[in-house]
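Structure file target_5.txt with compact mmCIF, C-alpha atoms:
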```
# COMPACT_ATOMS: atom_id res chain seq x y z
CA MET R 3 -116.40 -26.97 -45.86
CA ALA R 4 -119.73 -27.84 -44.29
CA LYS R 5 -121.67 -25.10 -42.53
CA PRO R 6 -122.10 -25.16 -38.75
CA ALA R 7 -125.15 -27.23 -38.01
CA ASP R 8 -128.18 -26.14 -36.00
CA VAL R 9 -129.83 -29.52 -36.25
CA GLY R 10 -131.47 -30.44 -33.00
CA ILE R 11 -134.60 -32.56 -33.12
CA LYS R 12 -136.84 -29.44 -33.06
CA LYS R 13 -135.07 -28.13 -36.16
CA LEU R 14 -135.42 -31.50 -37.92
CA ILE R 15 -139.14 -31.80 -37.20
CA SER R 16 -139.85 -28.21 -38.25
CA LEU R 17 -138.68 -29.03 -41.80
CA ALA R 18 -141.96 -30.89 -42.52
CA PRO R 19 -144.01 -31.17 -39.31
CA ASP R 20 -147.19 -32.52 -40.94
CA ASN R 21 -145.36 -35.36 -42.68
CA TRP R 22 -143.43 -36.09 -39.50
CA VAL R 23 -146.47 -36.49 -37.25
CA ARG R 24 -148.30 -38.54 -39.90
CA TRP R 25 -145.33 -40.87 -40.09
CA ILE R 26 -144.77 -41.41 -36.37
CA THR R 27 -148.49 -41.73 -35.47
CA GLU R 28 -149.68 -43.47 -38.67
CA ILE R 29 -152.73 -41.17 -38.64
CA PRO R 30 -153.09 -39.98 -42.26
CA ASP R 31 -155.27 -36.89 -41.67
CA ILE R 32 -153.37 -35.46 -38.71
CA THR R 33 -151.92 -31.94 -38.90
CA ALA R 34 -149.26 -30.24 -36.80
CA LEU R 35 -150.51 -27.03 -35.19
CA GLU R 36 -147.57 -25.92 -33.07
CA ILE R 37 -144.18 -27.11 -31.82
CA LEU R 38 -144.21 -26.47 -28.07
CA SER R 39 -141.58 -26.25 -25.38
CA GLY R 40 -140.74 -29.67 -23.97
CA GLU R 41 -138.77 -28.25 -21.05
CA PHE R 42 -139.98 -29.04 -17.56
CA GLN R 43 -138.54 -28.27 -14.17
CA TRP R 44 -137.58 -31.89 -13.54
CA ILE R 45 -136.91 -33.11 -17.06
CA SER R 46 -135.18 -31.20 -19.83
CA ARG R 47 -133.27 -32.51 -22.86
CA GLU R 48 -132.66 -31.08 -26.30
CA ASN R 49 -134.00 -34.26 -27.88
CA ASP R 50 -137.48 -33.94 -26.36
CA VAL R 51 -140.06 -32.15 -28.50
CA LEU R 52 -143.80 -31.69 -28.03
CA ILE R 53 -146.08 -31.06 -30.99
CA ARG R 54 -149.68 -29.91 -30.61
CA VAL R 55 -151.65 -31.68 -33.33
CA ASN R 56 -155.21 -32.12 -34.53
CA SER R 57 -157.10 -34.88 -36.31
CA PRO R 58 -160.80 -34.97 -37.26
CA GLU R 59 -161.33 -38.16 -35.25
CA GLN R 60 -159.13 -37.54 -32.18
CA GLY R 61 -159.34 -33.76 -31.91
CA GLU R 62 -156.39 -31.89 -30.40
CA PHE R 63 -153.67 -33.76 -28.51
CA LEU R 64 -149.90 -33.71 -27.99
CA VAL R 65 -147.34 -35.87 -29.79
CA VAL R 66 -144.40 -36.47 -27.45
CA ASN R 67 -141.15 -37.02 -29.38
CA GLU R 68 -138.17 -38.58 -27.63
CA LEU R 69 -135.16 -39.19 -29.88
CA GLN R 70 -132.42 -41.36 -28.38
CA LEU R 71 -128.99 -42.09 -29.81
CA ARG R 72 -129.22 -45.55 -28.25
CA TYR R 73 -131.97 -47.11 -26.12
CA SER R 74 -131.55 -47.00 -22.34
CA ALA R 75 -133.36 -49.12 -19.76
CA LYS R 76 -134.41 -45.85 -18.10
CA MET R 77 -136.62 -44.89 -21.03
CA PRO R 78 -139.94 -46.59 -20.04
CA ARG R 79 -140.11 -44.64 -16.77
CA ARG R 80 -138.96 -41.50 -18.53
CA MET R 81 -141.68 -41.83 -21.17
CA ARG R 82 -144.30 -42.14 -18.45
CA SER R 83 -142.96 -39.07 -16.60
CA TYR R 84 -142.62 -36.96 -19.73
CA ALA R 85 -146.14 -37.78 -20.96
CA ALA R 86 -147.66 -36.99 -17.55
CA LEU R 87 -145.81 -33.67 -17.22
CA ALA R 88 -146.86 -32.66 -20.74
CA GLU R 89 -150.51 -33.46 -20.01
CA GLU R 90 -150.38 -31.49 -16.77
CA LYS R 91 -148.73 -28.45 -18.35
CA TYR R 92 -150.89 -28.19 -21.48
CA GLY R 93 -154.13 -29.91 -20.44
CA LEU R 94 -154.13 -32.24 -23.46
CA SER R 95 -153.83 -36.00 -23.89
CA THR R 96 -150.53 -37.33 -25.23
CA TYR R 97 -149.29 -39.74 -27.88
CA PRO R 98 -145.70 -40.58 -26.78
CA VAL R 99 -143.17 -41.85 -29.32
CA LEU R 100 -139.67 -43.15 -28.56
CA ILE R 101 -137.31 -43.07 -31.56
CA ASN R 102 -134.04 -45.00 -31.24
CA ILE R 103 -131.27 -44.21 -33.72
CA LEU R 104 -128.60 -46.89 -33.21
CA PRO R 105 -129.34 -50.60 -32.67
CA THR R 106 -128.85 -52.36 -29.36
CA ASN R 107 -127.38 -55.80 -28.78
CA ASP R 108 -130.54 -57.79 -29.57
CA GLU R 109 -132.20 -56.14 -26.56
CA THR R 110 -135.99 -56.27 -26.49
CA ILE R 111 -137.28 -52.71 -26.30
CA PRO R 112 -140.53 -52.45 -24.32
CA THR R 113 -143.45 -50.36 -25.56
CA SER R 114 -144.97 -49.57 -22.17
CA PHE R 115 -144.20 -48.74 -18.56
CA ALA R 116 -146.09 -50.50 -15.76
CA SER R 117 -145.83 -50.50 -11.98
CA ASN R 118 -148.01 -51.95 -9.22
CA VAL R 119 -147.76 -50.82 -5.62
CA ALA R 120 -150.21 -52.48 -3.23
CA GLY R 121 -152.70 -52.93 -6.04
CA LEU R 122 -152.41 -49.39 -7.40
CA ARG R 123 -151.23 -49.52 -11.00
CA ALA R 124 -149.49 -47.01 -13.24
CA ILE R 125 -149.42 -47.81 -16.95
CA GLN R 126 -148.05 -45.80 -19.85
CA ASP R 127 -148.05 -47.12 -23.42
CA TYR R 128 -145.88 -45.50 -26.07
CA ARG R 129 -144.87 -46.21 -29.64
CA VAL R 130 -141.30 -47.34 -30.41
CA ILE R 131 -139.64 -46.58 -33.74
CA ASN R 132 -136.19 -48.09 -34.35
CA LEU R 133 -134.57 -46.26 -37.24
CA TRP R 134 -132.55 -49.30 -38.33
CA GLU R 135 -135.89 -51.02 -39.05
CA VAL R 136 -137.29 -48.11 -41.13
CA ASP R 137 -137.16 -48.53 -44.93
CA VAL R 138 -134.81 -45.90 -46.37
CA ASN R 139 -137.22 -45.22 -49.27
CA ILE R 140 -139.61 -43.54 -46.83
CA ALA R 141 -137.16 -40.64 -46.45
CA PHE R 142 -137.22 -39.99 -50.21
CA GLN R 143 -140.81 -40.85 -51.16
CA GLN R 144 -143.11 -39.30 -48.52
CA PRO R 145 -140.99 -37.06 -48.43
CA LEU R 146 -139.47 -36.89 -44.95
CA PRO R 147 -136.50 -34.51 -45.05
CA SER R 148 -136.16 -34.96 -41.28
CA LEU R 149 -134.96 -38.52 -41.95
CA LEU R 150 -132.42 -37.69 -44.66
CA PRO R 151 -129.50 -37.16 -42.21
CA PHE R 152 -130.18 -40.66 -40.82
CA VAL R 153 -130.17 -42.40 -44.22
CA PRO R 154 -127.01 -44.48 -43.46
CA ILE R 155 -128.75 -45.93 -40.39
CA LEU R 156 -132.06 -46.70 -42.11
CA LYS R 157 -132.79 -50.15 -43.53
CA GLY R 158 -131.22 -50.33 -46.98
CA GLY R 159 -129.45 -46.98 -46.65
CA ASP R 160 -125.95 -48.24 -45.95
CA ASP R 161 -124.56 -48.02 -49.49
CA GLU R 162 -122.60 -45.27 -51.20
CA SER R 163 -125.13 -44.43 -53.93
CA THR R 164 -128.00 -43.92 -51.47
CA ILE R 165 -125.88 -41.75 -49.20
CA ARG R 166 -124.76 -39.67 -52.20
CA GLU R 167 -128.42 -39.22 -53.20
CA ALA R 168 -129.31 -38.00 -49.71
CA LEU R 169 -126.34 -35.62 -49.72
CA GLN R 170 -127.36 -34.21 -53.10
CA ILE R 171 -130.85 -33.43 -51.77
CA LEU R 172 -129.47 -31.80 -48.62
CA ARG R 173 -127.01 -29.63 -50.54
CA GLY R 174 -129.62 -28.63 -53.10
CA ASN R 175 -131.90 -27.05 -50.50
CA GLU R 176 -130.81 -24.03 -48.45
CA ASP R 177 -133.01 -25.15 -45.54
CA LEU R 178 -131.41 -28.60 -45.52
CA ASN R 179 -127.74 -28.09 -46.28
CA GLN R 180 -126.88 -27.63 -42.61
CA LEU R 181 -127.74 -31.28 -42.09
CA GLU R 182 -124.84 -32.76 -44.02
CA THR R 183 -122.63 -32.98 -40.92
CA VAL R 184 -125.22 -35.28 -39.34
CA LEU R 185 -125.37 -37.38 -42.51
CA ALA R 186 -121.57 -37.62 -42.53
CA PHE R 187 -121.44 -38.64 -38.89
CA PHE R 188 -123.80 -41.56 -39.40
CA ALA R 189 -122.17 -42.45 -42.73
CA THR R 190 -118.97 -43.29 -40.82
CA PHE R 191 -120.91 -46.10 -39.14
CA VAL R 192 -121.40 -47.93 -42.47
CA LEU R 193 -118.66 -46.66 -44.84
CA GLU R 194 -114.91 -46.24 -44.50
CA SER R 195 -113.94 -42.79 -43.26
CA ALA R 196 -111.79 -42.13 -46.35
CA LEU R 197 -114.80 -42.77 -48.59
CA VAL R 198 -117.02 -40.52 -46.48
CA GLN R 199 -114.40 -37.79 -46.72
CA GLU R 200 -114.30 -38.20 -50.52
CA ILE R 201 -118.10 -38.04 -50.76
CA MET R 202 -118.40 -34.99 -48.54
CA ARG R 203 -115.31 -33.25 -49.95
CA TRP R 204 -114.28 -31.72 -46.66
CA ASP R 205 -111.98 -32.49 -43.75
CA MET R 206 -113.40 -35.21 -41.48
CA ALA R 207 -112.62 -33.04 -38.46
CA VAL R 208 -115.89 -31.23 -39.25
CA LEU R 209 -117.70 -34.25 -37.80
CA ARG R 210 -117.07 -32.77 -34.40
CA GLU R 211 -119.75 -30.20 -35.33
CA SER R 212 -122.36 -32.95 -35.43
CA PRO R 213 -124.91 -32.47 -32.63
CA TRP R 214 -125.04 -36.23 -32.12
CA TYR R 215 -121.28 -36.38 -31.59
CA GLN R 216 -121.65 -33.45 -29.20
CA GLU R 217 -124.37 -35.34 -27.35
CA ILE R 218 -121.98 -38.25 -26.86
CA LEU R 219 -119.43 -35.82 -25.45
CA ARG R 220 -121.94 -34.13 -23.14
CA GLU R 221 -123.08 -37.42 -21.68
CA GLY R 222 -119.47 -38.42 -21.19
CA GLU R 223 -118.67 -35.11 -19.54
CA ALA R 224 -121.52 -35.51 -17.07
CA ARG R 225 -120.35 -39.00 -16.21
CA GLY R 226 -116.75 -37.85 -15.89
CA GLU R 227 -117.63 -34.87 -13.69
CA ALA R 228 -119.52 -37.12 -11.31
CA ARG R 229 -116.58 -39.51 -11.06
CA GLY R 230 -114.14 -36.64 -10.62
CA GLU R 231 -116.18 -35.09 -7.80
CA ALA R 232 -116.30 -38.40 -5.97
CA ARG R 233 -112.54 -38.87 -6.30
CA GLY R 234 -111.94 -35.25 -5.34
CA GLU R 235 -113.65 -35.73 -2.00
CA ALA R 236 -111.37 -38.66 -1.26
CA ARG R 237 -108.05 -37.29 -2.61
CA GLY R 238 -108.19 -33.54 -2.16
CA GLU R 239 -109.42 -30.73 -4.36
CA ALA R 240 -106.40 -30.27 -6.68
CA ARG R 241 -105.82 -33.95 -7.29
CA GLY R 242 -109.55 -34.48 -7.66
CA GLU R 243 -109.77 -31.75 -10.29
CA ALA R 244 -107.00 -33.32 -12.38
CA GLN R 245 -108.53 -36.74 -11.93
CA GLY R 246 -111.88 -35.32 -12.96
CA ARG R 247 -110.47 -34.09 -16.28
CA GLN R 248 -109.02 -37.51 -16.96
CA GLU R 249 -112.28 -39.22 -16.01
CA GLN R 250 -114.20 -36.81 -18.23
CA MET R 251 -112.05 -37.65 -21.25
CA LEU R 252 -112.29 -41.38 -20.53
CA SER R 253 -116.07 -41.05 -20.34
CA ASN R 254 -116.12 -39.22 -23.67
CA ILE R 255 -114.16 -42.07 -25.22
CA GLU R 256 -116.40 -44.66 -23.58
CA MET R 257 -119.57 -43.01 -24.91
CA SER R 258 -118.07 -42.72 -28.40
CA LEU R 259 -117.02 -46.37 -28.41
CA GLU R 260 -120.47 -47.47 -27.30
CA ALA R 261 -122.26 -45.31 -29.87
CA LYS R 262 -120.09 -46.46 -32.77
CA PHE R 263 -119.14 -50.05 -31.96
CA ALA R 264 -121.52 -51.07 -29.12
CA SER R 265 -120.22 -53.70 -26.66
CA GLU R 266 -117.31 -54.72 -28.89
CA GLY R 267 -115.92 -51.20 -28.67
CA LEU R 268 -116.27 -51.12 -24.88
CA GLU R 269 -113.89 -54.09 -24.66
CA LEU R 270 -111.07 -51.60 -25.35
CA MET R 271 -111.81 -49.48 -22.28
CA PRO R 272 -109.62 -51.45 -19.81
CA GLN R 273 -106.60 -50.79 -22.06
CA ILE R 274 -107.52 -47.15 -22.69
CA SER R 275 -108.12 -46.55 -18.97
CA GLN R 276 -104.41 -47.12 -18.34
CA ILE R 277 -103.59 -43.90 -20.23
CA SER R 278 -103.25 -40.89 -17.92
CA ASP R 279 -101.92 -38.25 -20.35
CA LEU R 280 -104.75 -35.97 -21.51
CA GLU R 281 -103.21 -35.28 -24.94
CA GLN R 282 -102.92 -39.00 -25.58
CA LEU R 283 -106.54 -39.49 -24.55
CA GLN R 284 -107.63 -36.71 -26.92
CA GLY R 285 -105.79 -38.54 -29.70
CA VAL R 286 -107.63 -41.73 -28.80
CA LEU R 287 -110.97 -39.91 -28.99
CA ARG R 288 -110.15 -38.58 -32.46
CA SER R 289 -109.20 -42.08 -33.55
CA VAL R 290 -112.52 -43.48 -32.31
CA VAL R 291 -114.45 -40.95 -34.39
CA LEU R 292 -112.53 -41.72 -37.58
CA ALA R 293 -111.95 -45.47 -37.18
CA ASN R 294 -113.86 -47.92 -39.34
CA THR R 295 -113.49 -51.03 -37.18
CA VAL R 296 -112.58 -52.05 -33.65
CA GLU R 297 -109.60 -53.93 -35.07
CA GLU R 298 -108.31 -50.69 -36.58
CA LEU R 299 -108.50 -49.08 -33.14
CA ARG R 300 -106.66 -52.00 -31.57
CA GLN R 301 -103.78 -51.47 -34.00
CA ILE R 302 -103.67 -47.75 -33.17
CA LEU R 303 -103.60 -48.46 -29.45
```

Kindly return the structure encoded in the file as structure tokens.
Amino acid sequence: MAKPADVGIKKLISLAPDNWVRWITEIPDITALEILSGEFQWISRENDVLIRVNSPEQGEFLVVNELQLRYSAKMPRRMRSYAALAEEKYGLSTYPVLINILPTNDETIPTSFASNVAGLRAIQDYRVINLWEVDVNIAFQQPLPSLLPFVPILKGGDDESTIREALQILRGNEDLNQLETVLAFFATFVLESALVQEIMRWDMAVLRESPWYQEILREGEARGEARGEARGEARGEARGEAQGRQEQMLSNIEMSLEAKFASEGLELMPQISQISDLEQLQGVLRSVVLANTVEELRQIL
């Protein structure tokens, strides 16, 4: 059985911080001095990490890391806000980097934020790294252990032998073996669940320990709570509370479908939304996690 995983972005980066910052900035002589708190009063997410770095040419500055499961149109403004807050708090210039894990539907991802109000401009450039465009060999050659859990998503990493190689490295290192649940989670995006289970040699239910799966659930819970509160005001507290639980579960399913199958998966939501029984909805959520294709889910439904 896989071990419980403490594998937030800060943990991943701390495995090899110098190699990480050299990779995301493409500055070969940069060194990581300190991983700082990225929590601010107005903005706080577990996937935001600040690293104080130094290079002979640039001196000291901050590398702003923002890791997103899937790109959101809100990110350009967020990158501007996060960079500005970091500069204000630590008194250093910033190098912001947005890292997207799962591909979007051919959406163009901007590399800057710009606004103009009565001639006053605000501009924030940032680097974008899409993991599905990153050569899988980078994870093994540099080396970048922080990328090993994402091997199935990387370019050229969606085959069984490569995933087995990544798993062998993770299990052979005590500092890395907690990451296998993340590797397994992303492996289900490219391999059949039965094969992933055979490779990992443990019950697929352990995927629920993956922090990325938990992030999907948290985002769904927030969306569901908001919907439930709105309905509660209109229908009364008790009915609103029950409705809120249903909305929360539906949101969890919606986020899981979007993360795993993108827009094609979301086409199932009208049918799923007709289900009111919470136990049935929990069964649907489990099916989404373990399903290989949208067609497989259609047959289950």

Applying 8 Å and all atoms listed in the file, which residues near range 262-277 of chain R remain after dropping the ones on its own chain fewer than 6 positions away? List them as number ranges by chain. R: 106-107, 191, 252, 256, 283, 295-296, 300, 303

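Pairwise distance (CA of Ser114 in chain R, CA of Gln126 in chain R) equals 5.4 Å.
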
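Ranking R:Ser258, R:Asn294, R:Gln301, R:Ser117 by their shortest atom-to-atom distance to Ser195 in chain R, with all atoms listed in the file included, puts R:Asn294 first.
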
From the set R:Val51, R:Leu14, R:Asn102, R:Gln60, which residue has the shortest atom-to-atom contact distance to Ile32 in chain R, counting all atoms listed in the file? R:Gln60

Spatial neighbours of Glu28 in chain R, max dist 12 Å, all atoms listed in the file, sep filter under 4 positions, as a compact mmCIF listing (two decimals) with C-alpha atoms, in the frame of the given file:
```txt
# COMPACT_ATOMS: atom_id res chain seq x y z
CA ASP R 20 -147.19 -32.52 -40.94
CA ASN R 21 -145.36 -35.36 -42.68
CA TRP R 22 -143.43 -36.09 -39.50
CA VAL R 23 -146.47 -36.49 -37.25
CA ARG R 24 -148.30 -38.54 -39.90
CA ILE R 32 -153.37 -35.46 -38.71
CA THR R 33 -151.92 -31.94 -38.90
CA SER R 57 -157.10 -34.88 -36.31
CA VAL R 65 -147.34 -35.87 -29.79
CA TYR R 97 -149.29 -39.74 -27.88
CA VAL R 99 -143.17 -41.85 -29.32
CA ARG R 129 -144.87 -46.21 -29.64
CA ILE R 131 -139.64 -46.58 -33.74
```

Kindly extract all protein, DNA and RNA residues lying within 12 Å of the coordinates (-102.1, -37.4, -20.2) given in the file, considering all atoms listed in the file, and supply them as a tab-separated table (two decimals) with C-alpha atoms, in the frame of the given file.
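Saved as result-v1.tsv:
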```tsv
chain	number	residue	atom	x	y	z
R	244	ALA	CA	-107.00	-33.32	-12.38
R	245	GLN	CA	-108.53	-36.74	-11.93
R	247	ARG	CA	-110.47	-34.09	-16.28
R	248	GLN	CA	-109.02	-37.51	-16.96
R	249	GLU	CA	-112.28	-39.22	-16.01
R	251	MET	CA	-112.05	-37.65	-21.25
R	252	LEU	CA	-112.29	-41.38	-20.53
R	274	ILE	CA	-107.52	-47.15	-22.69
R	275	SER	CA	-108.12	-46.55	-18.97
R	276	GLN	CA	-104.41	-47.12	-18.34
R	277	ILE	CA	-103.59	-43.90	-20.23
R	278	SER	CA	-103.25	-40.89	-17.92
R	279	ASP	CA	-101.92	-38.25	-20.35
R	280	LEU	CA	-104.75	-35.97	-21.51
R	281	GLU	CA	-103.21	-35.28	-24.94
R	282	GLN	CA	-102.92	-39.00	-25.58
R	283	LEU	CA	-106.54	-39.49	-24.55
R	284	GLN	CA	-107.63	-36.71	-26.92
R	285	GLY	CA	-105.79	-38.54	-29.70
R	286	VAL	CA	-107.63	-41.73	-28.80
```

Pick from R:Leu178, R:Leu64, R:Leu169, R:Thr96: nearest to Ser16 in chain R, with all atoms listed in the file counted? R:Leu178

Between CA of Leu104 in chain R and CA of Leu197 in chain R, distance in Å (one decimal): 21.1 Å

I want to know what sits within 12 Å of range 79-81 of chain R, based on only C-alpha atoms, with residues of the same chain fewer than 5 positions away left out; could you give that as a ChimeraX atom specification? /R:44-47,50,65-70,73-74,86-88,96-101,112-117,124-130

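Separating CA of Thr183 in chain R from CA of Ile37 in chain R is a distance of 24.1 Å.
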
Incomplete range 185-195 of chain R filled out to all heavy atoms as a CSV table (one decimal), in the frame of the given file:
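Just written: out_32.csv:
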```
chain,number,residue,atom,x,y,z
R,185,LEU,N,-125.5,-36.3,-41.5
R,185,LEU,CA,-125.4,-37.4,-42.5
R,185,LEU,C,-124.0,-38.0,-42.5
R,185,LEU,O,-123.8,-39.2,-42.5
R,185,LEU,CB,-125.7,-36.9,-43.9
R,185,LEU,CG,-125.6,-37.9,-45.0
R,185,LEU,CD1,-126.6,-39.0,-44.9
R,185,LEU,CD2,-125.8,-37.2,-46.4
R,186,ALA,N,-122.9,-37.1,-42.5
R,186,ALA,CA,-121.6,-37.6,-42.5
R,186,ALA,C,-121.2,-38.4,-41.3
R,186,ALA,O,-120.6,-39.5,-41.3
R,186,ALA,CB,-120.6,-36.4,-42.7
R,187,PHE,N,-121.7,-37.9,-40.1
R,187,PHE,CA,-121.4,-38.6,-38.9
R,187,PHE,C,-122.0,-40.1,-38.9
R,187,PHE,O,-121.3,-41.0,-38.6
R,187,PHE,CB,-122.1,-37.9,-37.7
R,187,PHE,CG,-121.9,-38.6,-36.4
R,187,PHE,CD1,-120.7,-38.6,-35.8
R,187,PHE,CD2,-123.0,-39.1,-35.7
R,187,PHE,CE1,-120.5,-39.2,-34.6
R,187,PHE,CE2,-122.8,-39.8,-34.5
R,187,PHE,CZ,-121.6,-39.8,-33.9
R,188,PHE,N,-123.2,-40.2,-39.4
R,188,PHE,CA,-123.8,-41.6,-39.4
R,188,PHE,C,-123.3,-42.4,-40.6
R,188,PHE,O,-123.3,-43.6,-40.5
R,188,PHE,CB,-125.3,-41.5,-39.4
R,188,PHE,CG,-125.9,-41.0,-38.1
R,188,PHE,CD1,-126.6,-39.8,-38.0
R,188,PHE,CD2,-125.8,-41.8,-37.0
R,188,PHE,CE1,-127.1,-39.4,-36.8
R,188,PHE,CE2,-126.3,-41.3,-35.8
R,188,PHE,CZ,-126.9,-40.1,-35.7
R,189,ALA,N,-122.8,-41.7,-41.6
R,189,ALA,CA,-122.2,-42.4,-42.7
R,189,ALA,C,-120.9,-43.2,-42.3
R,189,ALA,O,-120.6,-44.2,-42.8
R,189,ALA,CB,-121.9,-41.5,-43.9
R,190,THR,N,-120.2,-42.6,-41.3
R,190,THR,CA,-119.0,-43.3,-40.8
R,190,THR,C,-119.3,-44.6,-40.1
R,190,THR,O,-118.4,-45.4,-39.8
R,190,THR,CB,-118.2,-42.4,-39.9
R,190,THR,OG1,-118.9,-42.1,-38.7
R,190,THR,CG2,-117.8,-41.1,-40.6
R,191,PHE,N,-120.5,-44.8,-39.8
R,191,PHE,CA,-120.9,-46.1,-39.1
R,191,PHE,C,-121.0,-47.2,-40.2
R,191,PHE,O,-121.0,-48.4,-39.8
R,191,PHE,CB,-122.3,-46.0,-38.4
R,191,PHE,CG,-122.2,-45.2,-37.1
R,191,PHE,CD1,-121.9,-43.8,-37.1
R,191,PHE,CD2,-122.4,-45.8,-35.9
R,191,PHE,CE1,-121.8,-43.1,-36.0
R,191,PHE,CE2,-122.3,-45.1,-34.7
R,191,PHE,CZ,-122.0,-43.8,-34.7
R,192,VAL,N,-121.2,-46.9,-41.5
R,192,VAL,CA,-121.4,-47.9,-42.5
R,192,VAL,C,-120.4,-47.9,-43.6
R,192,VAL,O,-120.3,-48.8,-44.4
R,192,VAL,CB,-122.8,-47.8,-43.0
R,192,VAL,CG1,-123.9,-48.0,-41.9
R,192,VAL,CG2,-123.1,-46.4,-43.7
R,193,LEU,N,-119.7,-46.8,-43.8
R,193,LEU,CA,-118.7,-46.7,-44.8
R,193,LEU,C,-117.3,-46.3,-44.2
R,193,LEU,O,-117.2,-45.8,-43.1
R,193,LEU,CB,-119.0,-45.5,-45.8
R,193,LEU,CG,-120.4,-45.7,-46.6
R,193,LEU,CD1,-120.5,-44.5,-47.5
R,193,LEU,CD2,-120.4,-47.0,-47.4
R,194,GLU,N,-116.2,-46.6,-45.0
R,194,GLU,CA,-114.9,-46.2,-44.5
R,194,GLU,C,-114.8,-44.7,-44.4
R,194,GLU,O,-115.3,-44.0,-45.3
R,194,GLU,CB,-113.8,-46.8,-45.4
R,194,GLU,CG,-113.7,-48.3,-45.4
R,194,GLU,CD,-112.6,-48.8,-46.2
R,194,GLU,OE1,-111.9,-48.0,-46.8
R,194,GLU,OE2,-112.4,-50.1,-46.2
R,195,SER,N,-114.1,-44.2,-43.5
R,195,SER,CA,-113.9,-42.8,-43.3
R,195,SER,C,-113.4,-42.1,-44.5
R,195,SER,O,-113.8,-41.0,-44.8
R,195,SER,CB,-113.1,-42.5,-42.0
R,195,SER,OG,-113.7,-43.0,-40.9
```
